[in-house]
Amino acid sequence: MACDRAEATSAGGYMELDYNDFHSKSKDNTTGLVSWTKETDFTQQYNLHLNLDPFPNLAITTGVLVTNDLSKSTAGDLYTETSTESVRPSIDVRLRDPLSIYYGEAGYSIQKTTTKESNSATQTLYNEIYNASLGWSPVAFPTLPLPIFGLQATRSNIYDQDRTFENTITDTVQFNTRYNPVRQLDLGYSAIVTKNTDQINQVETDNLLQNARVNYSDGFWQRRILLSTGYIISFNNTETTQQGKGAVSISLFPFVGLSNVTDIPTTDTLSPNPALIDGNLTVSANLNIGSSPSLVGDTKFREMGLDFGVATQVNNLQIWVNQQLASDIANSFAWDIYTSEDNVSWTFSQTIFPAPFGPFLNRFNLNFNTVSTRYIKVATRPLVLTVPGATTPNNQSIFVTEIQAAVTKTAQAASGVTTQVDQLYNLNVSVQIGEGFYFVSSYNAIQSASTANGVETTVRQYTLSTGLNLARHFNIGPGLTAAARFSRDDNVNSAGTSQGQYDYGATLSAVPLKTLRSSLVYGGTTADDGYSANNVTLNVTADLYQGISFSSSATVGSTLSNTGVKSDGDTYLATLGIVPRRDLSFSMTYLKNKSTSYGGTQQFGSSTQLERWDIGTTYRPINAVYLTADIGEVRETGIPNNLSQTYGLNWSPLSSGNLQFNFIYTDGVQSYLNQVERVIGPTLTWQLIPSATLSVSYFITESNSSLQNQNVKNLYVQYKMFL
């Protein structure tokens, strides 16, 4: 019997035209010297693709992406004209069965980028990529405990037209499998084989990375006993063959990805962020370093870090983002490197400015002096508005997607075979002794053994935590609940040095009314080395009336370092929300923090105070108009007062919503730059037809400080049409 044949063909694509006009005028207040910069940029992008389905389970996609960028820049008497042309044809073939049990895919693409710059030689680079994958994923049979596996192979070849200064081939084969024979047991294994050949410097690097894990979790005796345990072993083998000169990058594999947003990067604790080390280079890890935060006055550090588990040598970090960046944008970021042994106190290492970016890979490449550390992080502020093109829509949202670490060595130093075996074991037990009374214990062991040039190094670290948790509801008062905890933590490192501490705390919560809630929280720590900390916090939340809510907290605490330095501090926070009508709302916040330190190694005591207030409102007089306003002030010891104002308007003049008008005005002091900055600008978005959109924005930025006054005007126009 002849097989049924179903053919389907579809075609599509898009056209995008972008025009950016940037003017900047600066005056040096010391010398009186005036300088100005003018830059125009016109980018054309055309995409066409054809989808073919010659058979029911076979799909073929082929297409081409053409980009042309013309940039003209004038700075004083210096004129520069740069033209970049890029052509990227591709083809992709996919095979998948109707039940999605198995799949196969193969593809090829080549990108040719030619850059012409005035007074410079024309440069042409190629990026050739082959890829293939096979997989087995029997999700259609959930009752059968069948394994899942996938196999991917990729070859990347980056070279210049004459293969004189760039000619690198990277081959990668990756295998992944996962198996759940029973609900409580999760097994996994992955292997990555990478071969990198630098034909210019005649250096070849072969790397094999294997990772196996076992996780078990279950409950016993009507779940009065909870048990979870896991074991991970990672084997990394690198062989370097040197026939010339050059450098070799050896990848490092951290246990945890970390991130935070803060004003003070020297004393903060980063939180786990698995998306930073999940291997996905395109999905956001929720860290925006674009100009959108700066437009509303948010200039806090964006921090991304790694936990290696044990002290590890590292001198290279790669920060991946979700898009290609123009050189002006990429070169404006400054990257501060910090190290830590406890993820609490951080030591500044050095600043990388600027960091190389691209050209084919969407990543910043940060090289720095070799450090040996368990925790490492890099901090950068959001994109500054005075950079050419900063306010364009695509540069307002630049999301970090991944952070990778490596140690780079000269080919001569890395020649030979280097191996590293990392092992991580954890055990967690919770036992319910009585109603609301639990015994909890956890044990973590990390071992890292490496061999390089015949020298073996082994690092071990063990952590044991044991404690009691109590959570009870009492009838002695309305909604009265009490909880307490007590634990002992012990850490032992390879040198046999032991560090332990006691952690304890108690919480008393009351809900006398449905509209009134309060809690009193105490927490403390006492370490064997003499360090201690104690703090008490009172929280109150009340719904005073329909549409009116109030919350406040007050904290008093003190710490004593192991060097005898004592620090006292108190913090008060209050928030009031008022919604008098459905179309109108107000919010008010007040924060005050005061801290003093004295004694120990300090010759003189020190005191700092931070006071912040903020009032915001939103108003929607009609459905087509939305207004926002926010005003606030920050007063901090040793820093000029920061008064900020932000006003916004969103208007849809057409009932269809196809025309959108936005307006923003911000005015405030950037403390870290000690300058006053004002931003004003409208944005117009018009959907001309369902497949075509026109966007226009115009921003004026004024920044004034004791050193320099600067005025920036930026016009951006985009037209995009889908076929």
# chains A, B, ... in the order shown; residues from 1 in each chain; ligands from 1

call {"tool": "residues_around", "arguments": {"residues": "range 62-68 of chain A", "least_positions_apart": "5", "cutoff": "7 Å", "atoms": "only C-alpha atoms", "output": "PyMOL selection string"}}
result
chain A and resi 43-51+84-92

call {"tool": "closest_residue", "arguments": {"among": "A:Phe439, A:Leu17, A:Gly76, A:Asp278", "to": "Leu694 in chain A", "atoms": "only C-alpha atoms"}}
result
A:Leu17

call {"tool": "residues_around", "arguments": {"residues": "range 321-330 of chain A", "least_positions_apart": "2", "cutoff": "6 Å", "atoms": "only C-alpha atoms", "output": "PDB file with C-alpha atoms, in the first residue's frame"}}
result
ATOM      1  CA  THR A 282      19.114  32.728  24.983  1.00  0.00           C
ATOM      2  CA  SER A 332      30.160  51.518  27.739  1.00  0.00           C
ATOM      3  CA  ASN A 362      26.482  37.472  22.239  1.00  0.00           C
ATOM      4  CA  ARG A 363      28.867  37.584  25.172  1.00  0.00           C
ATOM      5  CA  PHE A 399      19.022  40.655  29.600  1.00  0.00           C
ATOM      6  CA  VAL A 400      21.841  38.520  30.964  1.00  0.00           C
ATOM      7  CA  THR A 401      21.226  34.872  30.028  1.00  0.00           C
TER       8      THR A 401
END

call {"tool": "select_by_dssp", "arguments": {"residues": "range 150-338 of chain A", "states": "alpha helix (DSSP H)", "output": "list in words"}}
result
Ser292, Pro293, Ser294, Leu295, Ser327, Asp328, Ile329 and Ala330 of chain A

call {"tool": "residues_around", "arguments": {"residues": "Gly219 in chain A", "least_positions_apart": "2", "cutoff": "10 Å", "atoms": "only C-alpha atoms", "output": "PyMOL selection string"}}
result
chain A and resi 184+217+221-228+429-431

call {"tool": "write_last_selection", "arguments": {"atoms": "C-alpha atoms", "output": "compact mmCIF listing (two decimals), in the first residue's frame"}}
result
# COMPACT_ATOMS: atom_id res chain seq x y z
CA GLN A 184 11.38 8.70 44.38
CA SER A 217 13.49 11.70 48.04
CA TRP A 221 5.57 6.76 58.62
CA GLN A 222 2.77 8.92 57.21
CA ARG A 223 5.44 11.45 56.17
CA ARG A 224 6.52 12.08 59.74
CA ILE A 225 10.01 11.30 58.47
CA LEU A 226 11.22 13.07 55.32
CA LEU A 227 14.45 11.99 53.66
CA SER A 228 16.26 13.38 50.64
CA VAL A 429 16.47 14.50 57.25
CA SER A 430 13.37 15.88 58.97
CA VAL A 431 11.67 13.98 61.81

call {"tool": "residues_around", "arguments": {"residues": "Asp160 in chain A", "least_positions_apart": "3", "cutoff": "8 Å", "atoms": "only C-alpha atoms", "output": "JSON, numbers by chain"}}
result
{"A": [123, 124, 125, 126, 163, 164, 165, 166, 167]}

call {"tool": "residues_around", "arguments": {"residues": "Ser251 in chain A", "least_positions_apart": "6", "cutoff": "10 Å", "atoms": "only C-alpha atoms", "output": "PyMOL selection string"}}
result
chain A and resi 207+209+236+238+314+316-317+404-408

call {"tool": "write_last_selection", "arguments": {"atoms": "N, CA and C atoms", "output": "mmCIF file, in the first residue's frame"}}
result
data_model
loop_
_atom_site.group_PDB
_atom_site.id
_atom_site.type_symbol
_atom_site.label_atom_id
_atom_site.label_comp_id
_atom_site.auth_asym_id
_atom_site.auth_seq_id
_atom_site.Cartn_x
_atom_site.Cartn_y
_atom_site.Cartn_z
ATOM 1 N N ASN A 207 38.692 18.159 25.204
ATOM 2 C CA ASN A 207 38.105 18.162 26.537
ATOM 3 C C ASN A 207 36.963 17.160 26.616
ATOM 4 N N LEU A 209 34.015 16.130 29.394
ATOM 5 C CA LEU A 209 33.342 16.421 30.651
ATOM 6 C C LEU A 209 32.198 15.438 30.829
ATOM 7 N N ASN A 236 36.331 15.888 34.573
ATOM 8 C CA ASN A 236 36.746 16.800 33.509
ATOM 9 C C ASN A 236 38.184 16.475 33.115
ATOM 10 N N THR A 238 41.165 17.356 30.245
ATOM 11 C CA THR A 238 41.590 18.262 29.178
ATOM 12 C C THR A 238 42.992 17.907 28.721
ATOM 13 N N VAL A 314 40.479 30.973 38.968
ATOM 14 C CA VAL A 314 39.684 31.459 37.842
ATOM 15 C C VAL A 314 40.252 32.797 37.394
ATOM 16 N N ASN A 316 38.817 34.100 34.080
ATOM 17 C CA ASN A 316 38.008 34.470 32.925
ATOM 18 C C ASN A 316 36.536 34.222 33.229
ATOM 19 N N LEU A 317 35.697 35.227 32.936
ATOM 20 C CA LEU A 317 34.246 35.098 33.028
ATOM 21 C C LEU A 317 33.644 35.543 31.706
ATOM 22 N N GLN A 404 29.579 32.070 32.464
ATOM 23 C CA GLN A 404 30.482 30.922 32.389
ATOM 24 C C GLN A 404 31.857 31.335 32.897
ATOM 25 N N ALA A 405 32.546 30.383 33.499
ATOM 26 C CA ALA A 405 33.863 30.658 34.085
ATOM 27 C C ALA A 405 34.905 29.741 33.471
ATOM 28 N N ALA A 406 36.150 30.225 33.453
ATOM 29 C CA ALA A 406 37.255 29.440 32.914
ATOM 30 C C ALA A 406 38.548 29.928 33.536
ATOM 31 N N VAL A 407 39.563 29.100 33.440
ATOM 32 C CA VAL A 407 40.914 29.516 33.787
ATOM 33 C C VAL A 407 41.737 29.399 32.510
ATOM 34 N N THR A 408 42.322 30.511 32.086
ATOM 35 C CA THR A 408 43.080 30.570 30.846
ATOM 36 C C THR A 408 44.565 30.495 31.151
#

call {"tool": "residues_around", "arguments": {"residues": "range 538-548 of chain A", "least_positions_apart": "5", "cutoff": "10 Å", "atoms": "only C-alpha atoms", "output": "PyMOL selection string"}}
result
chain A and resi 507-511+513-522+553-556+572-582+585-587

call {"tool": "atom_distance", "arguments": {"atom1": "CA of Gly569 in chain A", "atom2": "CA of Asn343 in chain A"}}
result
21.0 Å

call {"tool": "closest_residue", "arguments": {"among": "A:Leu560, A:Ile700, A:Val676, A:Met721", "to": "Ser24 in chain A", "atoms": "only C-alpha atoms"}}
result
A:Ile700

call {"tool": "decode", "arguments": {"residues": "range 625-651 of chain A", "atoms": "N, CA and C atoms", "output": "compact mmCIF listing (two decimals), in the first residue's frame"}}
result
# COMPACT_ATOMS: atom_id res chain seq x y z
N VAL A 625 -6.39 57.00 28.78
CA VAL A 625 -5.30 57.79 29.37
C VAL A 625 -4.88 57.18 30.70
N TYR A 626 -3.56 57.03 30.87
CA TYR A 626 -3.01 56.48 32.11
C TYR A 626 -1.85 57.37 32.55
N LEU A 627 -1.94 57.94 33.76
CA LEU A 627 -0.94 58.87 34.27
C LEU A 627 -0.25 58.28 35.50
N THR A 628 1.06 58.51 35.61
CA THR A 628 1.82 58.07 36.78
C THR A 628 2.73 59.21 37.24
N ALA A 629 2.98 59.24 38.54
CA ALA A 629 3.89 60.23 39.10
C ALA A 629 4.55 59.64 40.33
N ASP A 630 5.82 59.98 40.51
CA ASP A 630 6.57 59.46 41.65
C ASP A 630 7.62 60.50 42.04
N ILE A 631 7.71 60.77 43.34
CA ILE A 631 8.71 61.71 43.82
C ILE A 631 9.30 61.14 45.11
N GLY A 632 10.60 61.25 45.25
CA GLY A 632 11.25 60.68 46.42
C GLY A 632 12.59 61.34 46.68
N GLU A 633 13.12 61.08 47.87
CA GLU A 633 14.40 61.65 48.25
C GLU A 633 15.18 60.64 49.08
N VAL A 634 16.51 60.63 48.87
CA VAL A 634 17.41 59.78 49.63
C VAL A 634 18.46 60.67 50.27
N ARG A 635 18.61 60.53 51.58
CA ARG A 635 19.64 61.25 52.32
C ARG A 635 20.56 60.24 52.97
N GLU A 636 21.84 60.33 52.64
CA GLU A 636 22.80 59.35 53.14
C GLU A 636 24.08 60.06 53.56
N THR A 637 24.67 59.59 54.65
CA THR A 637 25.88 60.20 55.19
C THR A 637 26.99 60.19 54.14
N GLY A 638 27.58 61.37 53.92
CA GLY A 638 28.71 61.49 53.00
C GLY A 638 28.35 61.57 51.54
N ILE A 639 27.04 61.56 51.21
CA ILE A 639 26.60 61.60 49.82
C ILE A 639 25.57 62.70 49.67
N PRO A 640 25.65 63.50 48.60
CA PRO A 640 24.65 64.56 48.41
C PRO A 640 23.23 64.00 48.38
N ASN A 641 22.28 64.78 48.88
CA ASN A 641 20.89 64.36 48.88
C ASN A 641 20.42 64.07 47.45
N ASN A 642 19.63 63.02 47.32
CA ASN A 642 19.16 62.59 46.01
C ASN A 642 17.65 62.78 45.94
N LEU A 643 17.22 63.84 45.29
CA LEU A 643 15.80 64.10 45.09
C LEU A 643 15.44 63.71 43.66
N SER A 644 14.50 62.81 43.51
CA SER A 644 14.15 62.31 42.18
C SER A 644 12.66 62.49 41.92
N GLN A 645 12.33 62.75 40.66
CA GLN A 645 10.95 62.90 40.22
C GLN A 645 10.79 62.12 38.91
N THR A 646 9.67 61.41 38.79
CA THR A 646 9.36 60.68 37.57
C THR A 646 7.88 60.86 37.26
N TYR A 647 7.60 61.26 36.00
CA TYR A 647 6.22 61.44 35.56
C TYR A 647 6.05 60.71 34.22
N GLY A 648 4.90 60.08 34.06
CA GLY A 648 4.65 59.33 32.83
C GLY A 648 3.23 59.50 32.33
N LEU A 649 3.06 59.39 31.02
CA LEU A 649 1.75 59.48 30.38
C LEU A 649 1.65 58.41 29.31
N ASN A 650 0.53 57.70 29.31
CA ASN A 650 0.22 56.74 28.25
C ASN A 650 -1.15 57.08 27.70
N TRP A 651 -1.21 57.33 26.39
CA TRP A 651 -2.45 57.78 25.76
C TRP A 651 -2.71 56.98 24.50
